[in-house]
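Trainee: The file below is run.txt, compact mmCIF, C-alpha atoms:
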# COMPACT_ATOMS: atom_id res chain seq x y z
CA MET Y 25 115.22 98.92 109.05
CA ALA Y 26 113.54 101.59 111.21
CA LEU Y 27 116.31 104.12 110.53
CA LEU Y 28 116.11 103.48 106.79
CA LEU Y 29 112.34 103.99 106.84
CA ALA Y 30 112.77 107.25 108.72
CA LEU Y 31 115.14 108.51 106.05
CA SER Y 32 112.64 107.69 103.32
CA GLY Y 33 109.55 109.18 104.97
CA CYS Y 34 107.36 112.00 103.67
CA THR Y 35 104.58 111.65 106.21
CA ASP Y 36 103.67 110.61 109.74
CA LEU Y 37 102.30 107.20 108.71
CA LEU Y 38 104.29 104.84 106.53
CA SER Y 39 103.87 101.24 105.46
CA VAL Y 40 106.65 98.83 104.60
CA HIS Y 41 104.41 97.12 102.03
CA PRO Y 42 102.07 98.60 99.43
CA ALA Y 43 98.30 98.53 99.63
CA GLY Y 44 98.15 98.98 95.87
CA THR Y 45 99.44 95.92 94.06
CA VAL Y 46 99.00 95.19 90.36
CA GLU Y 47 96.02 93.02 91.33
CA THR Y 48 94.29 95.73 93.41
CA ALA Y 49 95.28 98.79 91.35
CA VAL Y 50 92.98 100.75 89.08
CA PHE Y 51 94.37 102.88 86.29
CA ASP Y 52 92.90 106.09 84.89
CA ALA Y 53 94.92 107.72 82.10
CA SER Y 54 93.19 111.05 82.72
CA PHE Y 55 95.38 111.57 85.81
CA ALA Y 56 98.38 112.04 83.50
CA GLY Y 57 99.53 115.60 82.95
CA GLN Y 58 100.85 118.63 84.76
CA TRP Y 59 99.05 119.76 87.92
CA PHE Y 60 99.81 122.79 90.09
CA HIS Y 61 98.92 124.39 93.42
CA THR Y 62 99.52 128.05 94.24
CA ASP Y 63 99.75 129.42 97.78
CA GLU Y 64 101.80 131.93 99.78
CA ASP Y 65 104.94 129.80 99.25
CA GLY Y 66 104.63 129.92 95.45
CA VAL Y 67 103.69 127.23 92.96
CA THR Y 68 103.91 123.49 93.64
CA VAL Y 69 103.95 121.37 90.47
CA ALA Y 70 103.14 117.69 90.05
CA TRP Y 71 103.96 115.96 86.76
CA ILE Y 72 102.07 112.68 86.51
CA ARG Y 73 102.70 110.25 83.69
CA PRO Y 74 101.69 106.65 83.15
CA GLY Y 75 104.24 104.05 84.19
CA ALA Y 76 104.52 100.62 82.61
CA PRO Y 77 101.07 99.55 81.32
CA ALA Y 78 101.27 96.11 82.92
CA ALA Y 79 102.11 97.68 86.30
CA LYS Y 80 99.05 99.99 86.35
CA ASP Y 81 101.14 102.69 88.01
CA TYR Y 82 102.19 106.31 87.64
CA ASP Y 83 105.55 108.07 87.70
CA ILE Y 84 105.28 111.38 89.51
CA LEU Y 85 107.65 114.31 89.82
CA TRP Y 86 106.61 116.57 92.73
CA ILE Y 87 108.27 120.00 92.70
CA PRO Y 88 107.56 121.88 95.95
CA ALA Y 89 106.97 125.63 95.95
CA LYS Y 90 109.63 126.30 98.58
CA PRO Y 91 113.03 126.64 96.89
CA ASP Y 92 114.81 124.95 99.82
CA GLU Y 93 112.75 121.74 99.42
CA ALA Y 94 114.03 119.15 96.98
CA PRO Y 95 111.80 117.71 94.25
CA LEU Y 96 110.46 114.20 94.90
CA ARG Y 97 110.27 111.36 92.43
CA LEU Y 98 107.40 109.08 93.32
CA ASN Y 99 105.75 105.95 92.03
CA GLY Y 100 102.06 105.54 92.73
CA ARG Y 101 99.11 103.25 92.28
CA LEU Y 102 95.45 104.10 92.65
CA VAL Y 103 93.35 101.73 94.73
CA ASN Y 104 89.54 101.81 94.82
CA ILE Y 105 88.26 101.50 98.37
CA GLY Y 106 84.55 101.82 98.94
CA GLY Y 107 84.06 103.68 95.66
CA ARG Y 108 86.78 106.23 96.45
CA LEU Y 109 90.39 106.35 95.31
CA ILE Y 110 93.50 106.19 97.44
CA PHE Y 111 96.95 106.89 96.03
CA ASP Y 112 99.58 104.47 97.36
CA LEU Y 113 102.81 106.43 96.89
CA VAL Y 114 106.47 105.63 97.43
CA LYS Y 115 109.62 107.67 96.84
CA THR Y 116 111.79 106.21 94.09
CA GLU Y 117 115.05 108.10 94.55
CA ARG Y 118 118.05 106.11 95.63
CA PRO Y 119 116.38 102.79 96.43
CA GLU Y 120 119.79 101.37 97.25
CA MET Y 121 119.84 103.61 100.34
CA GLY Y 122 117.13 101.68 102.17
CA VAL Y 123 113.54 100.61 102.40
CA SER Y 124 111.12 103.08 100.89
CA GLY Y 125 108.01 103.67 102.96
CA HIS Y 126 104.62 103.73 101.27
CA PHE Y 127 102.30 106.57 102.19
CA PHE Y 128 98.68 107.08 101.31
CA MET Y 129 96.54 109.95 100.08
CA LEU Y 130 92.80 110.12 99.58
CA VAL Y 131 92.04 111.31 96.03
CA GLU Y 132 89.07 113.42 94.96
CA ARG Y 133 88.88 114.31 91.28
CA LYS Y 134 86.44 116.80 89.83
CA GLY Y 135 87.08 118.11 86.32
CA ASP Y 136 90.40 119.92 86.24
CA GLU Y 137 90.89 119.75 90.02
CA LEU Y 138 92.64 117.01 91.95
CA ARG Y 139 92.32 117.07 95.75
CA LEU Y 140 94.80 114.99 97.73
CA GLY Y 141 94.28 114.32 101.43
CA TRP Y 142 97.16 113.08 103.59
CA LEU Y 143 96.12 109.85 105.33
CA ASP Y 144 98.35 110.27 108.36
CA SER Y 145 96.23 112.02 111.00
CA GLU Y 146 96.78 111.40 114.67
CA TRP Y 147 93.37 109.68 114.71
CA LEU Y 148 94.37 107.26 111.93
CA ARG Y 149 97.74 106.54 113.56
CA GLY Y 150 95.78 105.67 116.72
CA ARG Y 151 93.77 103.10 114.76
CA VAL Y 152 97.05 101.42 113.75
CA THR Y 153 98.21 101.04 117.36
CA GLN Y 154 94.90 99.94 118.89
CA ALA Y 155 94.10 96.29 119.53
CA GLY Y 156 93.21 94.64 116.23
CA GLY Y 157 95.21 97.17 114.19
CA PRO Y 158 97.63 95.99 111.51
CA ALA Y 159 101.07 94.66 112.39
CA HIS Y 160 103.37 97.62 113.00
CA LEU Y 161 106.43 98.91 114.80
CA LEU Y 162 106.90 102.26 116.53
CA LEU Y 163 109.54 104.65 115.26
CA ASP Y 164 109.95 107.84 117.30
CA SER Y 165 106.49 107.14 118.78
CA LYS Y 166 104.95 106.96 115.29
CA PRO Y 167 103.62 103.70 113.85
CA VAL Y 168 105.08 102.13 110.74
CA ILE Y 169 102.77 99.48 109.27
CA THR Y 170 104.63 96.21 108.72
CA ALA Y 171 101.58 94.16 107.70
CA GLY Y 172 101.44 92.73 104.20
CA PRO Y 173 99.50 94.30 101.32
CA ALA Y 174 96.19 92.51 101.98
CA GLU Y 175 96.10 93.49 105.67
CA THR Y 176 97.15 97.07 104.85
CA LEU Y 177 94.41 97.33 102.22
CA ALA Y 178 91.84 95.94 104.69
CA PHE Y 179 92.96 98.48 107.33
CA LEU Y 180 92.58 101.36 104.85
CA GLY Y 181 89.18 99.99 103.88
CA ARG Y 182 88.04 100.16 107.51
CA TYR Y 183 89.37 103.62 108.36
CA ALA Y 184 90.75 105.69 105.47
CA LEU Y 185 87.42 107.04 104.25
CA ASP Y 186 86.54 108.55 107.63
CA PRO Y 187 87.04 112.35 107.51
CA LYS Y 188 89.14 112.07 110.71
CA ALA Y 189 91.75 110.03 108.78
CA VAL Y 190 92.90 113.03 106.71
CA SER Y 191 95.39 115.41 108.31
CA ASP Y 192 95.50 118.00 105.52
CA TRP Y 193 94.36 118.57 101.93
CA ILE Y 194 96.06 120.06 98.89
CA THR Y 195 94.10 121.01 95.76
CA LEU Y 196 95.90 120.82 92.44
CA LYS Y 197 94.59 122.28 89.19
CA ARG Y 198 95.38 120.87 85.77
CA SER Y 199 97.80 123.04 83.85
CA LYS Y 200 96.47 124.32 80.53
CA ALA Y 201 99.99 124.13 79.08
CA ALA Y 202 101.06 120.70 77.91
Written as structure tokens, that's how I'd like the structure from this file.
Mentor:
Amino acid sequence: MALLLALSGCTDLLSVHPAGTVETAVFDASFAGQWFHTDEDGVTVAWIRPGAPAAKDYDILWIPAKPDEAPLRLNGRLVNIGGRLIFDLVKTERPEMGVSGHFFMLVERKGDELRLGWLDSEWLRGRVTQAGGPAHLLLDSKPVITAGPAETLAFLGRYALDPKAVSDWITLKRSKAA
């Protein structure tokens, strides 16, 4: 299982189970649309569209700026933790190839800007491995959370809103073209 998780990873902190279930998810249709980020590598594009209404999820196509990086197809759910939103994301390509790892991003939305913060900092990974952290295994010295959804959500509730939990931010702007 560890090898399969490694092949599915996008980040330095993965979870076997989601934190965002249908019961804990919140849905905001205004997230749907085309978003972009421009930097020295070019333009990164994120297409977000609503998934199945009963699932309260989003289908996302992430097209990186670097031409040598492959696009990612993701499924995501928003979870409200302490009045802030966290995206619980998982790659959806080739599920028959193994277990997809869930990864988490802090979401800040203001008008036509969407800031996403990677919740995989060294500090946050240390909270996983300390006494009282969620059930996990180590893969190449990095923790993979194996706890169920409720325990994962509780862990994120304790630590994910701390500024030290975010390793990096990306700011996307809504595209004016539909």
Trainee: Using all atoms listed in the file for the distances, tell me which of Y:Ala94, Y:Leu143, Y:Ala76, Y:Val131 is nearest to Asp186 of chain Y.
Mentor: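 Ranked by minimum distance to Asp186 of chain Y, first place goes to Y:Leu143.
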Trainee: Pick out the residues sitting within 9 Å of Thr116 of chain Y, and hand them over as number ranges by chain; count all atoms listed in the file, and ignore anything fewer than 3 positions along from it in its own chain.
Mentor: Y: 96-99, 119, 124
Trainee: Restricting the calculation to only C-alpha atoms: of Y:Ile84, Y:Arg149, Y:His61, Y:Arg198, which residue gets closest to Lys115 of chain Y?
Mentor: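 The answer is Y:Ile84, which sits nearest to Lys115 of chain Y.
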Trainee: Pick from Y:Gly100, Y:Gly156, Y:Pro88, Y:Gly107: nearest to Ala70 of chain Y, with all atoms listed in the file counted?
Mentor: Y:Pro88
Trainee: Write out as a ChimeraX atom specification which residues come within 12 Å of segment 157-160 of chain Y when counting only C-alpha atoms, dropping same-chain ones fewer than 3 positions away.
Mentor: /Y:26,37-41,148-154,163,165-180,182-183
Trainee: Have a look at Y:Phe55, Y:Ile72, Y:Trp86, Y:Ala49 and name the one nearest to Asp112 of chain Y; count only C-alpha atoms.
Mentor: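 Result for the nearest residue to Asp112 of chain Y: Y:Ala49.
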Trainee: Determine the nearest neighbour of Trp71 of chain Y from the options Y:Ser145, Y:Asn104, Y:Ser199, Y:Thr45, counting only C-alpha atoms.
Mentor: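 Among the listed residues, the smallest separation from Trp71 of chain Y belongs to Y:Ser199.
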Trainee: Between atom CA of Glu64 of chain Y and atom CA of Trp193 of chain Y, what is the distance, to one decimal in Å?
Mentor: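 Computed distance, atom CA of Glu64 of chain Y to atom CA of Trp193 of chain Y, equals 15.4 Å.
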Trainee: Atom CA of Asp65 of chain Y and atom CA of Gly135 of chain Y are how many Å apart?
Mentor: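 Atom CA of Gly135 of chain Y lies 25.0 Å from atom CA of Asp65 of chain Y.
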Trainee: So what do you get for atom CA of Asp83 of chain Y versus atom CA of Asp52 of chain Y, distance-wise?
Mentor: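 It comes out at 13.1 Å.
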Trainee: In terms of the shortest atom-to-atom distance over only C-alpha atoms, which of Y:Pro77, Y:Gly181, Y:Gly106, Y:Pro91 is closest to Val46 of chain Y?
Mentor: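 Distance minimum relative to Val46 of chain Y lands on Y:Pro77.
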Trainee: Kindly compute an axis-aligned box around the listed atoms of segment 133-136 of chain Y, allowing 6 Å on each side, and express its centre and edge lengths in Å to one decimal as lines of an AutoDock Vina configuration file.
Mentor:
center_x = 88.4
center_y = 117.1
center_z = 88.8
size_x = 16.0
size_y = 17.6
size_z = 17.0
